[in-house]
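See below for target33.txt, which holds compact mmCIF, C-alpha atoms.
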```txt
# COMPACT_ATOMS: atom_id res chain seq x y z
CA GLU A 811 -0.51 -2.38 -17.94
CA ILE A 812 2.66 -0.89 -16.46
CA VAL A 813 4.99 -3.30 -14.66
CA LEU A 814 7.49 -2.09 -12.07
CA THR A 815 10.64 -4.15 -11.59
CA GLN A 816 12.73 -3.55 -8.49
CA SER A 817 16.35 -4.55 -8.00
CA PRO A 818 18.05 -6.06 -6.22
CA ALA A 819 15.61 -8.38 -4.45
CA THR A 820 17.74 -8.23 -1.30
CA LEU A 821 20.36 -5.66 -0.34
CA SER A 822 22.77 -6.17 2.56
CA VAL A 823 24.39 -2.96 3.78
CA SER A 824 26.56 -2.14 6.79
CA PRO A 825 25.36 0.56 9.19
CA GLY A 826 26.52 3.97 8.02
CA GLU A 827 26.93 2.84 4.41
CA ARG A 828 24.88 3.96 1.43
CA ALA A 829 21.98 1.87 0.12
CA THR A 830 20.80 2.31 -3.46
CA LEU A 831 17.53 0.75 -4.60
CA SER A 832 16.29 0.69 -8.19
CA CYS A 833 12.82 0.69 -9.73
CA ARG A 834 12.31 0.32 -13.47
CA ALA A 835 8.98 0.89 -15.21
CA SER A 836 7.94 -0.97 -18.37
CA GLN A 837 6.85 2.37 -19.86
CA SER A 838 7.16 5.98 -18.84
CA VAL A 839 5.42 7.01 -15.61
CA SER A 840 6.75 10.60 -15.81
CA ARG A 841 7.50 11.50 -12.17
CA ASN A 842 4.39 9.82 -10.76
CA LEU A 843 6.29 7.40 -8.59
CA ALA A 844 6.28 6.83 -4.84
CA TRP A 845 8.39 4.74 -2.47
CA TYR A 846 7.15 2.99 0.69
CA GLN A 847 8.97 1.48 3.66
CA HIS A 848 7.39 -1.65 5.15
CA ARG A 849 8.98 -2.63 8.45
CA PRO A 850 8.16 -6.03 9.98
CA GLY A 851 4.99 -5.87 12.04
CA GLN A 852 4.13 -2.32 10.98
CA ALA A 853 1.97 -0.67 8.35
CA PRO A 854 3.66 0.56 5.17
CA ARG A 855 4.93 4.13 5.36
CA LEU A 856 5.14 6.62 2.51
CA VAL A 857 8.77 7.72 2.12
CA ILE A 858 8.96 9.54 -1.23
CA TYR A 859 6.30 10.82 -3.63
CA ASP A 860 6.47 12.54 -7.00
CA ALA A 861 9.79 10.71 -7.49
CA SER A 862 11.84 12.97 -5.21
CA THR A 863 9.71 14.66 -2.53
CA ARG A 864 10.19 13.35 1.00
CA ALA A 865 6.97 12.66 2.86
CA THR A 866 6.25 14.29 6.21
CA GLY A 867 8.57 13.13 8.97
CA ILE A 868 10.99 11.23 6.71
CA PRO A 869 14.66 11.76 7.61
CA ALA A 870 16.90 13.63 5.19
CA ARG A 871 19.05 10.53 4.62
CA PHE A 872 16.28 9.27 2.31
CA SER A 873 16.28 10.69 -1.22
CA GLY A 874 14.59 9.81 -4.48
CA SER A 875 15.55 10.54 -8.04
CA GLY A 876 14.62 9.67 -11.60
CA SER A 877 11.89 10.19 -14.16
CA GLY A 878 10.35 8.30 -17.04
CA THR A 879 11.28 4.66 -16.54
CA GLU A 880 14.28 4.69 -14.19
CA PHE A 881 14.06 5.60 -10.50
CA THR A 882 16.33 5.32 -7.49
CA LEU A 883 15.79 5.45 -3.75
CA THR A 884 18.97 6.23 -1.83
CA ILE A 885 19.55 5.88 1.90
CA SER A 886 22.73 7.88 2.41
CA SER A 887 23.79 6.43 5.75
CA LEU A 888 21.92 3.27 6.71
CA GLN A 889 20.56 3.03 10.24
CA SER A 890 19.37 -0.11 11.98
CA GLU A 891 15.76 1.14 11.91
CA ASP A 892 15.90 1.21 8.10
CA LEU A 893 15.62 -2.58 8.02
CA ALA A 894 12.50 -3.08 5.88
CA VAL A 895 11.08 -4.01 2.51
CA TYR A 896 10.86 -1.02 0.18
CA TYR A 897 8.24 -0.85 -2.57
CA CYS A 898 7.89 1.53 -5.48
CA GLN A 899 4.42 2.44 -6.82
CA GLN A 900 3.30 4.26 -9.96
CA SER A 901 0.17 6.35 -10.36
CA ASN A 902 0.71 7.59 -13.90
CA ALA A 903 -1.65 5.13 -15.55
CA TRP A 904 -4.45 2.82 -14.46
CA PRO A 905 -4.11 0.32 -12.95
CA TRP A 906 -1.69 1.71 -10.41
CA ALA A 907 1.03 -0.83 -9.70
CA PHE A 908 3.56 -1.75 -7.07
CA GLY A 909 6.96 -3.32 -7.56
CA GLN A 910 7.72 -6.64 -5.91
CA GLY A 911 9.91 -5.02 -3.25
CA THR A 912 13.56 -4.82 -2.20
CA LYS A 913 14.45 -6.19 1.21
CA VAL A 914 17.12 -4.13 2.97
CA GLU A 915 19.14 -6.11 5.47
CA ILE A 916 21.70 -4.86 7.95
CA LYS A 917 25.06 -6.49 7.30
CA GLN B 1338 -4.21 14.15 12.12
CA VAL B 1339 -5.64 11.44 9.89
CA GLN B 1340 -6.02 8.06 11.53
CA LEU B 1341 -7.41 4.79 10.18
CA GLN B 1342 -8.50 2.19 12.73
CA GLN B 1343 -9.22 -1.34 11.53
CA SER B 1344 -11.47 -3.89 13.19
CA GLY B 1345 -12.68 -7.38 12.40
CA PRO B 1346 -12.05 -11.04 13.17
CA GLY B 1347 -8.64 -12.62 12.76
CA LEU B 1348 -9.91 -16.11 11.97
CA VAL B 1349 -12.32 -17.09 9.19
CA LYS B 1350 -13.38 -20.58 8.14
CA PRO B 1351 -12.89 -21.72 4.54
CA SER B 1352 -15.83 -20.88 2.23
CA GLN B 1353 -17.09 -18.19 4.62
CA THR B 1354 -16.90 -14.39 4.33
CA LEU B 1355 -14.05 -12.21 5.54
CA SER B 1356 -15.33 -8.86 6.87
CA LEU B 1357 -13.20 -5.94 7.98
CA THR B 1358 -13.98 -2.30 8.80
CA CYS B 1359 -11.79 0.79 8.66
CA ALA B 1360 -12.87 3.80 10.75
CA ILE B 1361 -11.68 7.21 9.56
CA SER B 1362 -10.80 10.11 11.84
CA GLY B 1363 -9.36 13.47 10.83
CA ASP B 1364 -10.65 13.32 7.25
CA SER B 1365 -13.87 13.06 5.25
CA ILE B 1366 -14.96 9.90 3.43
CA SER B 1367 -16.92 12.12 1.03
CA ARG B 1368 -14.03 14.06 -0.53
CA ASN B 1369 -14.03 13.52 -4.28
CA ASP B 1370 -10.22 13.69 -4.53
CA THR B 1371 -9.73 10.66 -2.29
CA ALA B 1372 -10.08 6.90 -2.61
CA TRP B 1373 -10.39 4.60 0.40
CA SER B 1374 -8.49 1.43 -0.23
CA TRP B 1375 -7.80 -2.11 0.94
CA PHE B 1376 -4.52 -3.99 0.57
CA ARG B 1377 -3.17 -7.30 1.74
CA GLN B 1378 0.33 -8.57 2.31
CA SER B 1379 1.53 -12.16 2.31
CA PRO B 1380 4.91 -13.83 1.80
CA SER B 1381 3.80 -15.27 -1.56
CA ARG B 1382 2.20 -12.12 -3.01
CA GLY B 1383 4.04 -9.22 -1.40
CA LEU B 1384 1.97 -6.05 -1.04
CA GLU B 1385 -1.20 -6.34 -3.14
CA TRP B 1386 -3.75 -3.60 -3.77
CA LEU B 1387 -7.27 -5.11 -3.63
CA GLY B 1388 -9.62 -2.27 -4.40
CA TRP B 1389 -11.09 1.03 -3.31
CA THR B 1390 -14.21 3.15 -3.03
CA TYR B 1391 -14.44 6.83 -3.92
CA SER B 1392 -17.04 9.57 -4.03
CA GLY B 1393 -18.39 11.23 -7.14
CA SER B 1394 -22.05 11.71 -8.06
CA THR B 1395 -22.41 8.45 -6.16
CA TYR B 1396 -19.83 6.08 -4.73
CA TYR B 1397 -17.77 4.04 -7.15
CA ASN B 1398 -15.51 1.03 -6.79
CA ASP B 1399 -12.53 -0.50 -8.53
CA TYR B 1400 -11.16 -3.94 -7.73
CA VAL B 1401 -8.15 -5.97 -8.72
CA VAL B 1402 -9.18 -8.53 -11.31
CA SER B 1403 -8.09 -11.53 -9.23
CA VAL B 1404 -10.69 -10.92 -6.47
CA LYS B 1405 -13.28 -8.80 -8.28
CA SER B 1406 -15.96 -11.50 -8.33
CA ARG B 1407 -15.66 -12.10 -4.57
CA MET B 1408 -15.05 -8.65 -3.12
CA THR B 1409 -17.22 -5.73 -2.03
CA ILE B 1410 -15.97 -2.46 -0.59
CA LYS B 1411 -18.65 -0.18 0.86
CA PRO B 1412 -18.59 3.28 2.40
CA ASP B 1413 -20.68 4.12 5.46
CA THR B 1414 -20.90 7.90 5.52
CA SER B 1415 -22.93 8.05 8.74
CA LYS B 1416 -20.25 6.14 10.65
CA LYS B 1417 -17.26 7.61 8.75
CA GLN B 1418 -15.94 4.21 7.85
CA PHE B 1419 -15.64 1.77 4.99
CA SER B 1420 -15.72 -1.98 4.88
CA LEU B 1421 -14.31 -4.94 3.03
CA GLN B 1422 -16.14 -8.18 2.38
CA LEU B 1423 -14.41 -11.08 0.67
CA ASN B 1424 -16.60 -14.09 -0.03
CA SER B 1425 -15.78 -17.77 -0.37
CA VAL B 1426 -12.37 -17.49 1.25
CA THR B 1427 -9.69 -20.16 1.00
CA PRO B 1428 -6.37 -20.56 2.81
CA GLU B 1429 -4.84 -18.57 -0.07
CA ASP B 1430 -6.62 -15.51 1.35
CA THR B 1431 -4.61 -15.72 4.58
CA ALA B 1432 -2.74 -12.41 4.83
CA ILE B 1433 -2.33 -9.18 6.73
CA TYR B 1434 -5.02 -6.80 5.49
CA TYR B 1435 -4.54 -3.02 5.51
CA CYS B 1436 -6.80 -0.10 4.77
CA ALA B 1437 -5.27 3.07 3.34
CA ARG B 1438 -6.13 6.50 1.96
CA ALA B 1439 -5.21 7.35 -1.62
CA ARG B 1440 -4.84 11.01 -2.52
CA GLY B 1441 -2.57 12.76 -5.01
CA GLY B 1442 -1.37 9.47 -6.45
CA ASN B 1443 -0.06 7.89 -3.28
CA PHE B 1444 -1.07 6.27 0.00
CA ALA B 1445 0.04 8.49 2.89
CA TYR B 1446 -2.14 7.02 5.64
CA TRP B 1447 -2.60 3.38 6.57
CA GLY B 1448 -4.48 1.33 9.14
CA GLN B 1449 -2.58 -0.76 11.64
CA GLY B 1450 -3.15 -4.03 9.78
CA THR B 1451 -5.20 -7.12 10.64
CA LEU B 1452 -3.83 -10.63 10.35
CA VAL B 1453 -6.61 -12.79 8.91
CA THR B 1454 -6.11 -16.53 8.94
CA VAL B 1455 -8.39 -18.78 6.89
CA SER B 1456 -8.58 -22.12 8.66
CA SER B 1457 -11.13 -24.60 9.92
```
So that I can check it, write out the structure of this file as structure tokens.
Amino acid sequence: EIVLTQSPATLSVSPGERATLSCRASQSVSRNLAWYQHRPGQAPRLVIYDASTRATGIPARFSGSGSGTEFTLTISSLQSEDLAVYYCQQSNAWPWAFGQGTKVEIK
Amino acid sequence: QVQLQQSGPGLVKPSQTLSLTCAISGDSISRNDTAWSWFRQSPSRGLEWLGWTYSGSTYYNDYVVSVKSRMTIKPDTSKKQFSLQLNSVTPEDTAIYYCARARGGNFAYWGQGTLVTVSS
């Protein structure tokens, strides 16, 4: 079973600064990795799929990179509405798995 | 535009059954490249995938091991919806429950969420 480990657990970033979130897989997931944004009181929202493709309606400040076991979600210029927990998810092997989440706080 | 609309009670007594429904618009429950899923989110567990139903020669299910013995997910093709039943609930089952569509390896569409509290 593939385990996804996200770091850091909490990230405090000033508005306008860059936020970098990491997701590490216990074995290769190729590029079958997605990122989700979960704002308080809202449903999760798909942000990135296939490691680096932005989902429909996602602003260009969000970007994903990586392959194999190391992945990164970058928010180039943090906005107040980006306050959320971000989860990575792999679909390369059954059972699909989610990471434990990174909470992005506004400093 | 795909939309998932959840319905069901927000309060369930311990040992009873939690029942939720997810109505689908803008998509077909019968597509064989799609799985219709249930999740829950709580402070202690984070976001947890519970299970799904998907169409093949019949309808199939997969469930997370931790709830497999207590959970049933059923499609209703005539009403274009699918349901979740979780038996013998305890306060540990208190969470926000979400339905979602899985296609192409990810979950692009989600229901609005239902807070279910297990309490007497």
query: Residues at most 12 Å from Pro825 of chain A, counting all atoms listed in the file, excluding those fewer than 3 positions away in the same chain, as a PyMOL selection string?
result: chain A and resi 822+828-829+885-893+914-917
Distance table requested - chain A against chain B, cut-off 9 Å, all atoms listed in the file: one row per qualifying residue with the closest atom pair and its distance in Å to one decimal, ordered by chain and rising residue number, as a tab-separated table.
```
residue	atom	partner	partner_atom	distance
A:Asn842	CA	B:Gly1442	CA	7.2
A:Leu843	CA	B:Gly1442	CA	8.2
A:Ala844	CA	B:Asn1443	CA	6.6
A:Tyr846	CA	B:Phe1444	CA	8.9
A:Gly851	CA	B:Gly1450	CA	8.6
A:Gln852	CA	B:Gln1449	CA	6.9
A:Ala853	CA	B:Gln1449	CA	5.6
A:Pro854	CA	B:Trp1447	CA	7.0
A:Arg855	CA	B:Ala1445	CA	7.0
A:Leu856	CA	B:Ala1445	CA	5.4
A:Val857	CA	B:Ala1445	CA	8.8
A:Tyr859	CA	B:Asn1443	CA	7.0
A:Asp860	CA	B:Gly1442	CA	8.4
A:Ala865	CA	B:Ala1445	CA	8.1
A:Tyr897	CA	B:Leu1384	CA	8.3
A:Gln899	CA	B:Asn1443	CA	7.9
A:Gln900	CA	B:Gly1442	CA	7.8
A:Ser901	CA	B:Gly1442	CA	5.2
A:Asn902	CA	B:Gly1442	CA	8.0
A:Pro905	CA	B:Val1401	CA	8.6
A:Trp906	CA	B:Gly1442	CA	8.7
A:Ala907	CA	B:Trp1386	CA	8.1
A:Phe908	CA	B:Leu1384	CA	7.6
A:Gly909	CA	B:Leu1384	CA	8.7
A:Gln910	CA	B:Gly1383	CA	6.4
A:Gly911	CA	B:Gly1383	CA	7.5
```
Taking (-11.0, -21.8, 15.0) as a centre in this file's frame and 8 Å as the limit, can you find every polymer residue with an atom that close, using all atoms listed in the file, and give them as a PDB file with C-alpha atoms, in the frame of the given file?
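Result written to result29.pdb:
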```pdb
ATOM      1  CA  LEU B1348      -9.910 -16.110  11.970  1.00  0.00           C
ATOM      2  CA  VAL B1349     -12.320 -17.090   9.190  1.00  0.00           C
ATOM      3  CA  LYS B1350     -13.380 -20.580   8.140  1.00  0.00           C
ATOM      4  CA  SER B1456      -8.580 -22.120   8.660  1.00  0.00           C
ATOM      5  CA  SER B1457     -11.130 -24.600   9.920  1.00  0.00           C
TER       6      SER B1457
END
```
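What separates atom CA of Tyr1396 of chain B from atom CA of Ser1356 of chain B is a distance of 19.4 Å.
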- prompt: Can you list, as a list in words, every protein, DNA or RNA residue that comes within 12 Å of Ser832 of chain A when you count all atoms listed in the file, leaving out same-chain residues fewer than 6 positions away?
  reply: Leu814, Thr815, Gln816, Ser817, Pro818, Ala819, Thr820, Leu821, Trp845, Ala861, Gly874, Ser875, Gly876, Thr879, Glu880, Phe881, Thr882, Leu883, Thr884, Ile885, Tyr896, Tyr897, Cys898, Gly909, Gln910, Gly911, Thr912 and Lys913 of chain A
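Near Thr1395 of chain B, within 12 Å and counting all atoms listed in the file, sit Ser1367, Arg1368, Asn1369, Thr1390, Lys1411, Pro1412 and Thr1414 of chain B, not including residues fewer than 5 positions from it in the same chain.
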query: Distance atom CA of Pro1346 of chain B-atom CA of Ser1379 of chain B, one decimal place?
result: 17.4 Å
message: Is it possible to get the residues within 7 Å of (-9.1, 7.6, 7.9) (coordinates as in the file, counting only C-alpha atoms) written as a PyMOL selection string?
response: chain B and resi 1339-1341+1360-1364+1438
message: Residues near Leu1357 of chain B, anyone? I mean within 8 Å using only C-alpha atoms, not counting same-chain ones fewer than 6 positions away, as a PyMOL selection string.
response: chain B and resi 1343-1346+1420-1422
Next, write the just-selected residues to a file, as a tab-separated table (two decimals), keeping the file's coordinate frame, keeping C-alpha atoms as the atom set.
```
chain	number	residue	atom	x	y	z
B	1343	GLN	CA	-9.22	-1.34	11.53
B	1344	SER	CA	-11.47	-3.89	13.19
B	1345	GLY	CA	-12.68	-7.38	12.40
B	1346	PRO	CA	-12.05	-11.04	13.17
B	1420	SER	CA	-15.72	-1.98	4.88
B	1421	LEU	CA	-14.31	-4.94	3.03
B	1422	GLN	CA	-16.14	-8.18	2.38
```
- request: Select, from B:Gln1378, B:Thr1454, B:Asn1398, B:Gln1342, the residue with the minimum atom-to-atom distance to Val895 of chain A, counting all atoms listed in the file.
  value: B:Gln1378
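The environment of Ser838 of chain A within 8 Å, counting all atoms listed in the file and disregarding residues fewer than 2 places along the same chain, consists of Ala835, Ser836, Ser840, Ser877, Gly878 and Thr879 of chain A.
Atom to atom, atom CA of Thr1431 of chain B and atom CA of Ser1381 of chain B stand 10.4 Å apart.
The smallest atom-to-atom distance between Asp1370 of chain B and any of B:Tyr1391, B:Gln1418, B:Ser1403, B:Leu1452, using all atoms listed in the file, is found for B:Tyr1391.
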Generate N, CA and C atoms for segment 1401-1431 of chain B and emit them as a PDB file, in the coordinates of the input.
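Okay, out27.pdb is ready:
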```pdb
ATOM      1  N   VAL B1401      -9.118  -5.201  -7.949  1.00  0.00           N
ATOM      2  CA  VAL B1401      -8.150  -5.970  -8.720  1.00  0.00           C
ATOM      3  C   VAL B1401      -8.878  -7.158  -9.353  1.00  0.00           C
ATOM      4  N   VAL B1402      -8.469  -7.514 -10.546  1.00  0.00           N
ATOM      5  CA  VAL B1402      -9.180  -8.530 -11.310  1.00  0.00           C
ATOM      6  C   VAL B1402      -9.252  -9.860 -10.564  1.00  0.00           C
ATOM      7  N   SER B1403      -8.188 -10.200  -9.852  1.00  0.00           N
ATOM      8  CA  SER B1403      -8.090 -11.530  -9.230  1.00  0.00           C
ATOM      9  C   SER B1403      -9.138 -11.775  -8.148  1.00  0.00           C
ATOM     10  N   VAL B1404      -9.690 -10.730  -7.544  1.00  0.00           N
ATOM     11  CA  VAL B1404     -10.690 -10.920  -6.470  1.00  0.00           C
ATOM     12  C   VAL B1404     -12.013 -10.235  -6.797  1.00  0.00           C
ATOM     13  N   LYS B1405     -12.126  -9.646  -7.966  1.00  0.00           N
ATOM     14  CA  LYS B1405     -13.280  -8.800  -8.280  1.00  0.00           C
ATOM     15  C   LYS B1405     -14.610  -9.507  -8.071  1.00  0.00           C
ATOM     16  N   SER B1406     -14.688 -10.784  -8.415  1.00  0.00           N
ATOM     17  CA  SER B1406     -15.960 -11.500  -8.330  1.00  0.00           C
ATOM     18  C   SER B1406     -16.343 -11.824  -6.887  1.00  0.00           C
ATOM     19  N   ARG B1407     -15.404 -11.700  -5.952  1.00  0.00           N
ATOM     20  CA  ARG B1407     -15.660 -12.100  -4.570  1.00  0.00           C
ATOM     21  C   ARG B1407     -15.659 -10.935  -3.587  1.00  0.00           C
ATOM     22  N   MET B1408     -15.320  -9.739  -4.039  1.00  0.00           N
ATOM     23  CA  MET B1408     -15.050  -8.650  -3.120  1.00  0.00           C
ATOM     24  C   MET B1408     -16.075  -7.521  -3.235  1.00  0.00           C
ATOM     25  N   THR B1409     -16.401  -6.935  -2.077  1.00  0.00           N
ATOM     26  CA  THR B1409     -17.220  -5.730  -2.030  1.00  0.00           C
ATOM     27  C   THR B1409     -16.604  -4.757  -1.048  1.00  0.00           C
ATOM     28  N   ILE B1410     -16.424  -3.532  -1.471  1.00  0.00           N
ATOM     29  CA  ILE B1410     -15.970  -2.460  -0.590  1.00  0.00           C
ATOM     30  C   ILE B1410     -17.093  -1.425  -0.526  1.00  0.00           C
ATOM     31  N   LYS B1411     -17.513  -1.088   0.694  1.00  0.00           N
ATOM     32  CA  LYS B1411     -18.650  -0.180   0.860  1.00  0.00           C
ATOM     33  C   LYS B1411     -18.311   0.965   1.803  1.00  0.00           C
ATOM     34  N   PRO B1412     -18.726   2.172   1.458  1.00  0.00           N
ATOM     35  CA  PRO B1412     -18.590   3.280   2.400  1.00  0.00           C
ATOM     36  C   PRO B1412     -19.806   3.326   3.329  1.00  0.00           C
ATOM     37  N   ASP B1413     -19.583   3.849   4.534  1.00  0.00           N
ATOM     38  CA  ASP B1413     -20.680   4.120   5.460  1.00  0.00           C
ATOM     39  C   ASP B1413     -20.481   5.558   5.925  1.00  0.00           C
ATOM     40  N   THR B1414     -21.148   6.481   5.248  1.00  0.00           N
ATOM     41  CA  THR B1414     -20.900   7.900   5.520  1.00  0.00           C
ATOM     42  C   THR B1414     -21.367   8.297   6.913  1.00  0.00           C
ATOM     43  N   SER B1415     -22.418   7.669   7.411  1.00  0.00           N
ATOM     44  CA  SER B1415     -22.930   8.050   8.740  1.00  0.00           C
ATOM     45  C   SER B1415     -21.950   7.669   9.835  1.00  0.00           C
ATOM     46  N   LYS B1416     -21.208   6.592   9.637  1.00  0.00           N
ATOM     47  CA  LYS B1416     -20.250   6.140  10.650  1.00  0.00           C
ATOM     48  C   LYS B1416     -18.822   6.526  10.311  1.00  0.00           C
ATOM     49  N   LYS B1417     -18.610   7.212   9.194  1.00  0.00           N
ATOM     50  CA  LYS B1417     -17.260   7.610   8.750  1.00  0.00           C
ATOM     51  C   LYS B1417     -16.339   6.400   8.696  1.00  0.00           C
ATOM     52  N   GLN B1418     -16.760   5.397   7.989  1.00  0.00           N
ATOM     53  CA  GLN B1418     -15.940   4.210   7.850  1.00  0.00           C
ATOM     54  C   GLN B1418     -16.227   3.531   6.523  1.00  0.00           C
ATOM     55  N   PHE B1419     -15.393   2.582   6.166  1.00  0.00           N
ATOM     56  CA  PHE B1419     -15.640   1.770   4.990  1.00  0.00           C
ATOM     57  C   PHE B1419     -15.262   0.335   5.303  1.00  0.00           C
ATOM     58  N   SER B1420     -15.845  -0.569   4.548  1.00  0.00           N
ATOM     59  CA  SER B1420     -15.720  -1.980   4.880  1.00  0.00           C
ATOM     60  C   SER B1420     -15.258  -2.795   3.687  1.00  0.00           C
ATOM     61  N   LEU B1421     -14.731  -3.956   4.016  1.00  0.00           N
ATOM     62  CA  LEU B1421     -14.310  -4.940   3.030  1.00  0.00           C
ATOM     63  C   LEU B1421     -15.035  -6.238   3.316  1.00  0.00           C
ATOM     64  N   GLN B1422     -15.603  -6.836   2.268  1.00  0.00           N
ATOM     65  CA  GLN B1422     -16.140  -8.180   2.380  1.00  0.00           C
ATOM     66  C   GLN B1422     -15.538  -9.023   1.262  1.00  0.00           C
ATOM     67  N   LEU B1423     -14.981 -10.160   1.637  1.00  0.00           N
ATOM     68  CA  LEU B1423     -14.410 -11.080   0.670  1.00  0.00           C
ATOM     69  C   LEU B1423     -15.086 -12.428   0.874  1.00  0.00           C
ATOM     70  N   ASN B1424     -15.813 -12.867  -0.134  1.00  0.00           N
ATOM     71  CA  ASN B1424     -16.600 -14.090  -0.030  1.00  0.00           C
ATOM     72  C   ASN B1424     -15.799 -15.321  -0.392  1.00  0.00           C
ATOM     73  N   SER B1425     -16.318 -16.466   0.036  1.00  0.00           N
ATOM     74  CA  SER B1425     -15.780 -17.770  -0.370  1.00  0.00           C
ATOM     75  C   SER B1425     -14.270 -17.858  -0.182  1.00  0.00           C
ATOM     76  N   VAL B1426     -13.815 -17.539   1.010  1.00  0.00           N
ATOM     77  CA  VAL B1426     -12.370 -17.490   1.250  1.00  0.00           C
ATOM     78  C   VAL B1426     -11.770 -18.889   1.281  1.00  0.00           C
ATOM     79  N   THR B1427     -10.487 -18.935   0.928  1.00  0.00           N
ATOM     80  CA  THR B1427      -9.690 -20.160   1.000  1.00  0.00           C
ATOM     81  C   THR B1427      -8.422 -19.840   1.782  1.00  0.00           C
ATOM     82  N   PRO B1428      -7.630 -20.848   2.113  1.00  0.00           N
ATOM     83  CA  PRO B1428      -6.370 -20.560   2.810  1.00  0.00           C
ATOM     84  C   PRO B1428      -5.463 -19.602   2.042  1.00  0.00           C
ATOM     85  N   GLU B1429      -5.622 -19.513   0.725  1.00  0.00           N
ATOM     86  CA  GLU B1429      -4.840 -18.570  -0.070  1.00  0.00           C
ATOM     87  C   GLU B1429      -5.133 -17.112   0.293  1.00  0.00           C
ATOM     88  N   ASP B1430      -6.254 -16.870   0.946  1.00  0.00           N
ATOM     89  CA  ASP B1430      -6.620 -15.510   1.350  1.00  0.00           C
ATOM     90  C   ASP B1430      -6.028 -15.128   2.708  1.00  0.00           C
ATOM     91  N   THR B1431      -5.301 -16.044   3.328  1.00  0.00           N
ATOM     92  CA  THR B1431      -4.610 -15.720   4.580  1.00  0.00           C
ATOM     93  C   THR B1431      -3.559 -14.653   4.322  1.00  0.00           C
TER      94      THR B1431
END
```
